[in-house]
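Asker: Below is the file coords29.txt, which contains compact mmCIF, C-alpha atoms and all ligand atoms.
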# COMPACT_ATOMS: atom_id res chain seq x y z
CA MET A 1295 233.94 141.15 -30.50
CA THR A 1296 235.21 138.49 -28.11
CA ARG A 1297 234.61 134.97 -29.31
CA LEU A 1298 235.00 131.53 -27.78
CA LEU A 1299 235.60 129.09 -30.63
CA LEU A 1300 234.93 125.44 -29.77
CA PHE A 1301 236.20 122.91 -32.30
CA ASP A 1302 235.09 119.34 -32.81
CA VAL A 1303 238.08 117.02 -33.43
CA ASP A 1304 237.30 114.10 -35.79
CA ASN A 1305 236.56 115.12 -39.39
CA THR A 1306 236.70 118.79 -38.41
CA LEU A 1307 240.32 119.39 -37.30
CA LEU A 1308 241.69 116.06 -38.45
CA TRP A 1309 240.97 112.62 -39.85
CA SER A 1310 242.77 109.93 -37.85
CA GLY A 1311 242.52 107.36 -40.65
CA GLY A 1312 240.29 105.26 -38.44
CA ALA A 1313 242.90 105.04 -35.67
CA GLY A 1314 240.37 105.89 -32.96
CA GLY A 1315 237.94 103.16 -34.01
CA LYS A 1316 240.78 100.66 -34.38
CA ALA A 1317 242.15 101.35 -30.88
CA MET A 1318 238.65 101.23 -29.39
CA GLY A 1319 238.02 97.86 -31.01
CA LEU A 1320 241.30 96.48 -29.60
CA ALA A 1321 240.47 97.80 -26.13
CA PHE A 1322 237.03 96.17 -26.24
CA ARG A 1323 238.57 92.88 -27.33
CA ASP A 1324 241.14 93.07 -24.49
CA LEU A 1325 238.40 93.53 -21.89
CA PHE A 1326 235.56 91.39 -23.16
CA GLY A 1327 237.10 89.03 -25.74
CA ILE A 1328 234.79 90.34 -28.47
CA GLU A 1329 236.17 91.23 -31.93
CA ASP A 1330 234.66 94.21 -33.78
CA GLY A 1331 232.67 95.16 -30.70
CA PHE A 1332 231.70 98.52 -32.19
CA LYS A 1333 230.62 97.20 -35.59
CA LYS A 1334 226.98 98.17 -35.03
CA VAL A 1335 227.59 101.47 -33.25
CA GLU A 1336 227.24 104.76 -35.11
CA PHE A 1337 230.32 106.87 -34.26
CA SER A 1338 229.65 110.00 -36.29
CA GLY A 1339 229.10 113.02 -34.02
CA ARG A 1340 228.59 110.80 -30.98
CA THR A 1341 230.36 111.09 -27.66
CA ASP A 1342 232.79 108.34 -26.67
CA ARG A 1343 230.75 107.73 -23.54
CA TYR A 1344 227.69 107.09 -25.73
CA ILE A 1345 229.70 104.82 -28.04
CA VAL A 1346 231.02 102.67 -25.18
CA SER A 1347 227.70 102.45 -23.37
CA THR A 1348 225.90 101.52 -26.61
CA ALA A 1349 228.40 98.73 -27.33
CA LEU A 1350 228.07 97.38 -23.77
CA ARG A 1351 224.30 97.34 -24.15
CA GLN A 1352 224.41 95.69 -27.57
CA HIS A 1353 226.60 92.89 -26.20
CA GLY A 1354 224.56 92.47 -23.04
CA ILE A 1355 227.44 93.40 -20.74
CA ASP A 1356 226.13 94.44 -17.33
CA GLY A 1357 227.91 95.87 -14.32
CA ASP A 1358 229.00 99.29 -13.17
CA PHE A 1359 229.34 101.53 -16.21
CA ASP A 1360 231.96 103.87 -14.77
CA GLU A 1361 234.09 100.91 -13.76
CA HIS A 1362 233.84 99.47 -17.29
CA GLN A 1363 234.62 102.89 -18.75
CA GLY A 1364 237.66 103.32 -16.49
CA ARG A 1365 239.12 99.96 -17.54
CA PHE A 1366 238.24 100.65 -21.16
CA LEU A 1367 240.04 104.01 -21.07
CA GLU A 1368 243.20 102.37 -19.79
CA ARG A 1369 243.28 99.90 -22.71
CA TYR A 1370 242.13 102.47 -25.29
CA TYR A 1371 244.87 104.94 -24.32
CA ALA A 1372 247.41 102.09 -24.46
CA HIS A 1373 246.45 101.19 -28.06
CA LEU A 1374 245.79 104.63 -29.54
CA PRO A 1375 249.38 105.93 -30.05
CA GLN A 1376 250.33 102.92 -32.17
CA ALA A 1377 247.07 103.02 -34.11
CA LEU A 1378 247.77 106.69 -34.91
CA ARG A 1379 251.24 105.78 -36.16
CA GLU A 1380 249.91 102.90 -38.30
CA ARG A 1381 247.04 104.73 -39.94
CA GLU A 1382 247.70 107.53 -42.38
CA GLY A 1383 245.41 110.28 -41.28
CA LYS A 1384 245.74 113.99 -41.94
CA LEU A 1385 244.81 117.45 -40.84
CA MET A 1386 241.73 118.79 -42.59
CA PRO A 1387 242.14 121.50 -45.28
CA GLY A 1388 243.02 124.91 -43.84
CA PHE A 1389 244.72 123.56 -40.73
CA PRO A 1390 246.94 124.55 -39.05
CA ALA A 1391 246.90 127.90 -40.91
CA LEU A 1392 243.45 128.77 -39.54
CA LEU A 1393 244.56 128.07 -35.96
CA ASP A 1394 247.70 130.18 -36.41
CA ALA A 1395 245.62 133.06 -37.72
CA LEU A 1396 243.05 132.77 -34.90
CA THR A 1397 245.77 132.64 -32.24
CA LYS A 1398 246.96 136.06 -33.40
CA GLN A 1399 243.54 137.58 -32.60
CA SER A 1400 243.63 138.88 -29.03
CA HIS A 1401 239.87 138.63 -28.55
CA VAL A 1402 239.59 134.97 -29.56
CA ARG A 1403 239.73 131.99 -27.19
CA LEU A 1404 240.24 128.53 -28.69
CA GLY A 1405 238.83 125.39 -27.12
CA LEU A 1406 237.41 121.98 -27.90
CA ALA A 1407 233.89 120.59 -27.82
CA THR A 1408 234.57 117.00 -28.73
CA GLY A 1409 233.01 113.61 -28.25
CA ASN A 1410 236.53 112.24 -27.75
CA PHE A 1411 237.66 111.10 -24.34
CA SER A 1412 239.96 113.89 -23.11
CA HIS A 1413 243.27 112.04 -23.30
CA ALA A 1414 242.34 110.56 -26.69
CA ALA A 1415 241.75 114.09 -27.98
CA GLN A 1416 245.13 115.09 -26.56
CA LEU A 1417 246.88 112.12 -28.23
CA LYS A 1418 245.23 112.79 -31.60
CA LEU A 1419 245.99 116.53 -31.55
CA ALA A 1420 249.59 115.91 -30.45
CA HIS A 1421 250.07 113.32 -33.22
CA TYR A 1422 249.13 115.96 -35.81
CA GLY A 1423 251.03 118.78 -34.05
CA ILE A 1424 248.08 120.95 -33.07
CA ASP A 1425 247.76 120.25 -29.33
CA GLY A 1426 249.26 123.59 -28.35
CA TYR A 1427 246.41 125.75 -29.65
CA PHE A 1428 243.60 124.88 -27.24
CA ARG A 1429 242.97 125.93 -23.64
CA GLY A 1430 240.78 122.94 -22.77
CA GLY A 1431 237.11 122.32 -23.38
CA GLY A 1432 234.40 119.68 -23.00
CA PHE A 1433 235.13 115.99 -23.56
CA GLY A 1434 233.56 112.63 -24.31
CA GLU A 1435 233.67 111.08 -20.84
CA GLU A 1436 231.44 113.82 -19.48
CA SER A 1437 228.12 112.85 -21.04
CA GLU A 1438 226.38 110.75 -23.67
CA ASP A 1439 224.73 114.00 -24.71
CA ARG A 1440 226.87 116.27 -26.83
CA ALA A 1441 224.95 119.37 -25.72
CA VAL A 1442 226.19 118.79 -22.15
CA ILE A 1443 229.77 118.68 -23.43
CA VAL A 1444 229.32 122.01 -25.19
CA ARG A 1445 227.83 123.46 -21.98
CA ARG A 1446 230.84 122.27 -19.94
CA ALA A 1447 233.23 123.82 -22.46
CA ILE A 1448 231.40 127.16 -22.29
CA ASP A 1449 231.34 127.02 -18.48
CA ARG A 1450 235.08 126.39 -18.35
CA LEU A 1451 236.33 128.76 -21.04
CA GLY A 1452 233.58 131.32 -21.49
CA GLU A 1453 234.08 133.44 -18.39
CA GLY A 1454 232.62 136.88 -18.97
CA LEU A 1455 231.01 135.85 -22.25
CA HIS A 1456 227.43 135.25 -23.32
CA SER A 1457 226.53 131.94 -24.98
CA ALA A 1458 225.86 133.90 -28.16
CA GLU A 1459 229.58 134.73 -28.26
CA ALA A 1460 230.47 131.03 -28.35
CA VAL A 1461 230.86 129.31 -31.72
CA VAL A 1462 230.76 125.53 -32.19
CA ILE A 1463 232.52 124.24 -35.31
CA GLY A 1464 231.79 120.67 -36.38
CA ASP A 1465 231.04 118.25 -39.21
CA THR A 1466 227.77 116.60 -38.11
CA PRO A 1467 224.18 117.60 -37.32
CA HIS A 1468 224.98 116.57 -33.71
CA ASP A 1469 227.56 119.38 -33.52
CA ILE A 1470 225.00 121.83 -34.87
CA SER A 1471 222.18 120.80 -32.52
CA SER A 1472 224.51 120.80 -29.50
CA ALA A 1473 225.48 124.39 -30.33
CA LYS A 1474 221.90 125.54 -30.79
CA ALA A 1475 220.81 123.83 -27.53
CA ASN A 1476 223.25 126.14 -25.75
CA GLY A 1477 222.41 129.33 -27.61
CA ALA A 1478 225.78 129.26 -29.38
CA ILE A 1479 226.54 129.99 -33.03
CA ALA A 1480 226.78 126.79 -35.11
CA VAL A 1481 229.28 126.49 -37.94
CA GLY A 1482 229.17 123.38 -40.09
CA VAL A 1483 232.05 122.12 -42.18
CA ALA A 1484 231.33 119.39 -44.73
CA THR A 1485 234.59 117.48 -44.33
CA GLY A 1486 232.92 114.47 -42.66
CA GLY A 1487 230.05 112.41 -43.98
CA HIS A 1488 227.50 115.24 -44.14
CA SER A 1489 226.93 117.62 -47.02
CA VAL A 1490 226.64 121.40 -46.95
CA GLU A 1491 222.89 120.98 -47.53
CA GLN A 1492 222.45 118.54 -44.65
CA LEU A 1493 224.35 120.81 -42.27
CA LYS A 1494 222.24 123.79 -43.35
CA GLU A 1495 219.06 121.80 -42.85
CA SER A 1496 220.17 120.83 -39.36
CA GLY A 1497 220.22 124.52 -38.43
CA ALA A 1498 223.80 125.68 -38.95
CA ASP A 1499 224.25 129.46 -39.01
CA PHE A 1500 227.15 129.15 -41.44
CA VAL A 1501 228.42 126.22 -43.49
CA PHE A 1502 231.73 125.71 -45.29
CA GLN A 1503 232.60 122.97 -47.77
CA ASP A 1504 235.97 122.95 -46.02
CA LEU A 1505 238.15 125.56 -44.31
CA SER A 1506 240.86 125.79 -46.98
CA ASP A 1507 239.95 129.46 -47.48
CA TRP A 1508 241.05 130.12 -43.91
CA ARG A 1509 241.02 133.90 -44.29
CA SER A 1510 237.31 133.94 -44.93
CA ALA A 1511 236.84 131.39 -42.13
CA VAL A 1512 238.66 133.76 -39.71
CA ALA A 1513 236.26 136.54 -40.68
CA THR A 1514 233.18 134.36 -40.16
CA LEU A 1515 234.37 132.79 -36.91
CA THR A 1516 235.34 136.10 -35.35
CA GLY A 1517 232.09 137.79 -36.41
CA GLU A 1518 233.77 140.20 -38.77
CA ALA A 1519 232.36 138.79 -41.98
MG MG A 1601 233.32 115.16 -35.91
Output the structure of this file as structure tokens.
Ligand SMILES: [Mg+2]

Answerer:
Amino acid sequence: MTRLLLFDVDNTLLWSGGAGGKAMGLAFRDLFGIEDGFKKVEFSGRTDRYIVSTALRQHGIDGDFDEHQGRFLERYYAHLPQALREREGKLMPGFPALLDALTKQSHVRLGLATGNFSHAAQLKLAHYGIDGYFRGGGFGEESEDRAVIVRRAIDRLGEGLHSAEAVVIGDTPHDISSAKANGAIAVGVATGGHSVEQLKESGADFVFQDLSDWRSAVATLTGEA
């Protein structure tokens, strides 16, 4: 069975040690002179576009959003490499072994469905040595709505496939609902702030505590379990 596997990045593939939030905070300070600009914004499972627009709203910053986002991206991408070097993050359990095993399956396509801005995703994956596994995907600048990002990833990478052959793997109820909104299979992994129970309750088709048993994860993700 052909499968398009779309991975979330933060707390699913890797934990950046807070490097993303740190670099975003520095970028916001550079542009608007506000420290801790994202203090009141919930990051978990949200798209970067949502995070930036929420912070702008909370601080009463008007003006053209795309212009703000463009300038923000420039500063964020400038700060992120050093933040990644400073913070001690890690790959999540089972990686990269799971990706190596999936790459060997001829009928599997690997992509991303992430709330990260595209170049931020690239920088994070490269920092942890796993940027070579993915063909592309859907990214955080594309919408405040994660379901739209999943749709874009399926449109780009799912040629010849039905939505039901796409699998979204993520650590939050937002990942699960964005999969279900697109008719995709939702796989939860409890390596972020949400428990196995919470991910099940949010509608996940399968839930793992983590992916350290990567052989059984391969079977589930490829539909051979
Ligand atoms: Mg995540």

Asker: Under the rule of at most 7 Å, produce a per-residue listing of chain A near ligand MG 1601 (chain A): chain, number, name, the closest pair of atoms, and the distance in Å, as JSON lines, using all atoms listed in the file.

Answerer:
{"residue": "A:Asp1302", "atom": "CA", "partner": "A:MG1601", "partner_atom": "MG", "distance": 5.5}
{"residue": "A:Val1303", "atom": "CA", "partner": "A:MG1601", "partner_atom": "MG", "distance": 5.7}
{"residue": "A:Asp1304", "atom": "CA", "partner": "A:MG1601", "partner_atom": "MG", "distance": 4.1}
{"residue": "A:Asn1305", "atom": "CA", "partner": "A:MG1601", "partner_atom": "MG", "distance": 4.8}
{"residue": "A:Thr1306", "atom": "CA", "partner": "A:MG1601", "partner_atom": "MG", "distance": 5.6}
{"residue": "A:Ser1338", "atom": "CA", "partner": "A:MG1601", "partner_atom": "MG", "distance": 6.3}
{"residue": "A:Gly1339", "atom": "CA", "partner": "A:MG1601", "partner_atom": "MG", "distance": 5.1}
{"residue": "A:Gly1464", "atom": "CA", "partner": "A:MG1601", "partner_atom": "MG", "distance": 5.7}
{"residue": "A:Asp1465", "atom": "CA", "partner": "A:MG1601", "partner_atom": "MG", "distance": 5.1}
{"residue": "A:Thr1466", "atom": "CA", "partner": "A:MG1601", "partner_atom": "MG", "distance": 6.1}
{"residue": "A:Gly1486", "atom": "CA", "partner": "A:MG1601", "partner_atom": "MG", "distance": 6.8}

Asker: Please, which residues in region 1375-1463 of chain A fall within 12 Å of region 1496-1514 of chain A when counting all atoms listed in the file, and what is the closest atom pair and distance in Å to one decimal for each, ordered by chain then residue number, as a tab-separated table?

Answerer:
residue	atom	partner	partner_atom	distance
A:Leu1385	CA	A:Leu1505	CA	11.1
A:Met1386	CA	A:Leu1505	CA	7.8
A:Pro1387	CA	A:Ser1506	CA	4.8
A:Gly1388	CA	A:Ser1506	CA	3.9
A:Phe1389	CA	A:Ser1506	CA	7.7
A:Pro1390	CA	A:Trp1508	CA	9.5
A:Ala1391	CA	A:Trp1508	CA	6.9
A:Leu1392	CA	A:Trp1508	CA	5.2
A:Leu1393	CA	A:Trp1508	CA	8.9
A:Asp1394	CA	A:Trp1508	CA	10.0
A:Ala1395	CA	A:Val1512	CA	7.3
A:Leu1396	CA	A:Val1512	CA	6.6
A:Thr1397	CA	A:Val1512	CA	10.4
A:Lys1398	CA	A:Val1512	CA	10.7
A:Gln1399	CA	A:Val1512	CA	9.4
A:Val1402	CA	A:Val1512	CA	10.3
A:Ala1458	CA	A:Asp1499	CA	11.8
A:Val1461	CA	A:Asp1499	CA	9.8
A:Val1462	CA	A:Ala1498	CA	9.7
A:Ile1463	CA	A:Val1501	CA	9.4

Asker: Tell me, in Å to one decimal, how far CA of Arg1297 (chain A) is from CA of Leu1455 (chain A).

Answerer: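 For CA of Arg1297 (chain A) relative to CA of Leu1455 (chain A), the distance reads 8.0 Å.
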
Asker: For Tyr1422 (chain A), work out the shell of residues within 10 Å, counting only C-alpha atoms and skipping chain neighbours fewer than 6 positions away, then give it as a VMD selection string.

Answerer: chain A and resid 1307 to 1310 1378 1383 to 1385 1390

Asker: Give me the residues near region 1431-1440 of chain A as JSON, numbers by chain, where near means some atom within 8 Å (using only C-alpha atoms) and where sequence neighbours in that chain fewer than 2 positions away do not count.

Answerer: {"A": [1300, 1340, 1341, 1342, 1343, 1344, 1405, 1406, 1407, 1408, 1409, 1410, 1411, 1412, 1428, 1429, 1442, 1443, 1444, 1445, 1446, 1447, 1448, 1450, 1451, 1468, 1469, 1472]}

Asker: Between A:Gly1426, A:Gly1487, A:Glu1380, A:His1421, single out the one closest to Phe1337 (chain A), counting all atoms listed in the file.

Answerer: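 Of the candidates, the smallest distance to Phe1337 (chain A) is held by A:Gly1487.
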
Asker: Just want the 12 Å neighbourhood of Arg1381 (chain A), counted on all atoms listed in the file, with same-chain residues fewer than 4 positions away dropped. Output as an MDAnalysis selection string.

Answerer: chainID A and resid 1309:1317 1374:1377 1418 1421

Asker: To one decimal place, how far is CA of Leu1350 (chain A) from CA of Arg1323 (chain A) in Å?

Answerer: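 Those two atoms sit 12.0 Å apart.
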
Asker: In Å, with one decimal, what is the gap from CA of Ala1420 (chain A) to CA of His1401 (chain A)?

Answerer: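 Pair CA of Ala1420 (chain A) / CA of His1401 (chain A) returns 24.8 Å.
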
Asker: Can you take the partial region 1441-1465 of chain A, add N, CA and C atoms, and return it as a PDB file, in the frame of the given file?

Answerer:
ATOM      1  N   ALA A1441     225.301 118.016 -26.183  1.00  0.00           N
ATOM      2  CA  ALA A1441     224.950 119.370 -25.720  1.00  0.00           C
ATOM      3  C   ALA A1441     225.528 119.649 -24.333  1.00  0.00           C
ATOM      4  N   VAL A1442     225.609 118.629 -23.494  1.00  0.00           N
ATOM      5  CA  VAL A1442     226.190 118.790 -22.150  1.00  0.00           C
ATOM      6  C   VAL A1442     227.686 119.098 -22.265  1.00  0.00           C
ATOM      7  N   ILE A1443     228.328 118.452 -23.227  1.00  0.00           N
ATOM      8  CA  ILE A1443     229.770 118.680 -23.430  1.00  0.00           C
ATOM      9  C   ILE A1443     230.029 120.119 -23.871  1.00  0.00           C
ATOM     10  N   VAL A1444     229.185 120.610 -24.764  1.00  0.00           N
ATOM     11  CA  VAL A1444     229.320 122.010 -25.190  1.00  0.00           C
ATOM     12  C   VAL A1444     229.107 122.942 -23.998  1.00  0.00           C
ATOM     13  N   ARG A1445     228.113 122.628 -23.173  1.00  0.00           N
ATOM     14  CA  ARG A1445     227.830 123.460 -21.980  1.00  0.00           C
ATOM     15  C   ARG A1445     229.041 123.496 -21.047  1.00  0.00           C
ATOM     16  N   ARG A1446     229.664 122.327 -20.823  1.00  0.00           N
ATOM     17  CA  ARG A1446     230.840 122.270 -19.940  1.00  0.00           C
ATOM     18  C   ARG A1446     231.980 123.119 -20.516  1.00  0.00           C
ATOM     19  N   ALA A1447     232.161 123.047 -21.826  1.00  0.00           N
ATOM     20  CA  ALA A1447     233.230 123.820 -22.460  1.00  0.00           C
ATOM     21  C   ALA A1447     232.974 125.323 -22.290  1.00  0.00           C
ATOM     22  N   ILE A1448     231.721 125.731 -22.456  1.00  0.00           N
ATOM     23  CA  ILE A1448     231.400 127.160 -22.290  1.00  0.00           C
ATOM     24  C   ILE A1448     231.591 127.566 -20.837  1.00  0.00           C
ATOM     25  N   ASP A1449     231.162 126.712 -19.907  1.00  0.00           N
ATOM     26  CA  ASP A1449     231.340 127.020 -18.480  1.00  0.00           C
ATOM     27  C   ASP A1449     232.818 127.200 -18.141  1.00  0.00           C
ATOM     28  N   ARG A1450     233.658 126.353 -18.696  1.00  0.00           N
ATOM     29  CA  ARG A1450     235.080 126.390 -18.350  1.00  0.00           C
ATOM     30  C   ARG A1450     235.834 127.540 -19.007  1.00  0.00           C
ATOM     31  N   LEU A1451     235.495 127.829 -20.256  1.00  0.00           N
ATOM     32  CA  LEU A1451     236.330 128.760 -21.040  1.00  0.00           C
ATOM     33  C   LEU A1451     235.634 130.078 -21.350  1.00  0.00           C
ATOM     34  N   GLY A1452     234.339 130.159 -21.027  1.00  0.00           N
ATOM     35  CA  GLY A1452     233.580 131.320 -21.490  1.00  0.00           C
ATOM     36  C   GLY A1452     233.364 132.397 -20.438  1.00  0.00           C
ATOM     37  N   GLU A1453     234.253 132.456 -19.452  1.00  0.00           N
ATOM     38  CA  GLU A1453     234.080 133.440 -18.390  1.00  0.00           C
ATOM     39  C   GLU A1453     233.918 134.852 -18.949  1.00  0.00           C
ATOM     40  N   GLY A1454     232.864 135.520 -18.526  1.00  0.00           N
ATOM     41  CA  GLY A1454     232.620 136.880 -18.970  1.00  0.00           C
ATOM     42  C   GLY A1454     231.940 136.975 -20.327  1.00  0.00           C
ATOM     43  N   LEU A1455     231.642 135.823 -20.929  1.00  0.00           N
ATOM     44  CA  LEU A1455     231.010 135.850 -22.250  1.00  0.00           C
ATOM     45  C   LEU A1455     229.569 135.363 -22.178  1.00  0.00           C
ATOM     46  N   HIS A1456     228.760 135.803 -23.143  1.00  0.00           N
ATOM     47  CA  HIS A1456     227.430 135.250 -23.320  1.00  0.00           C
ATOM     48  C   HIS A1456     227.529 134.019 -24.220  1.00  0.00           C
ATOM     49  N   SER A1457     226.541 133.117 -24.102  1.00  0.00           N
ATOM     50  CA  SER A1457     226.530 131.940 -24.980  1.00  0.00           C
ATOM     51  C   SER A1457     226.560 132.334 -26.445  1.00  0.00           C
ATOM     52  N   ALA A1458     225.920 133.461 -26.764  1.00  0.00           N
ATOM     53  CA  ALA A1458     225.860 133.900 -28.160  1.00  0.00           C
ATOM     54  C   ALA A1458     227.218 134.332 -28.698  1.00  0.00           C
ATOM     55  N   GLU A1459     228.217 134.423 -27.806  1.00  0.00           N
ATOM     56  CA  GLU A1459     229.580 134.730 -28.260  1.00  0.00           C
ATOM     57  C   GLU A1459     230.424 133.454 -28.391  1.00  0.00           C
ATOM     58  N   ALA A1460     229.791 132.317 -28.146  1.00  0.00           N
ATOM     59  CA  ALA A1460     230.470 131.030 -28.350  1.00  0.00           C
ATOM     60  C   ALA A1460     230.092 130.493 -29.730  1.00  0.00           C
ATOM     61  N   VAL A1461     231.063 129.877 -30.384  1.00  0.00           N
ATOM     62  CA  VAL A1461     230.860 129.310 -31.720  1.00  0.00           C
ATOM     63  C   VAL A1461     231.302 127.854 -31.678  1.00  0.00           C
ATOM     64  N   VAL A1462     230.425 126.954 -32.109  1.00  0.00           N
ATOM     65  CA  VAL A1462     230.760 125.530 -32.190  1.00  0.00           C
ATOM     66  C   VAL A1462     231.007 125.202 -33.651  1.00  0.00           C
ATOM     67  N   ILE A1463     232.156 124.585 -33.937  1.00  0.00           N
ATOM     68  CA  ILE A1463     232.520 124.240 -35.310  1.00  0.00           C
ATOM     69  C   ILE A1463     232.604 122.722 -35.417  1.00  0.00           C
ATOM     70  N   GLY A1464     231.772 122.122 -36.278  1.00  0.00           N
ATOM     71  CA  GLY A1464     231.790 120.670 -36.380  1.00  0.00           C
ATOM     72  C   GLY A1464     231.222 120.159 -37.687  1.00  0.00           C
ATOM     73  N   ASP A1465     231.371 118.847 -37.908  1.00  0.00           N
ATOM     74  CA  ASP A1465     231.040 118.250 -39.210  1.00  0.00           C
ATOM     75  C   ASP A1465     229.741 117.470 -39.235  1.00  0.00           C
TER      76      ASP A1465
END
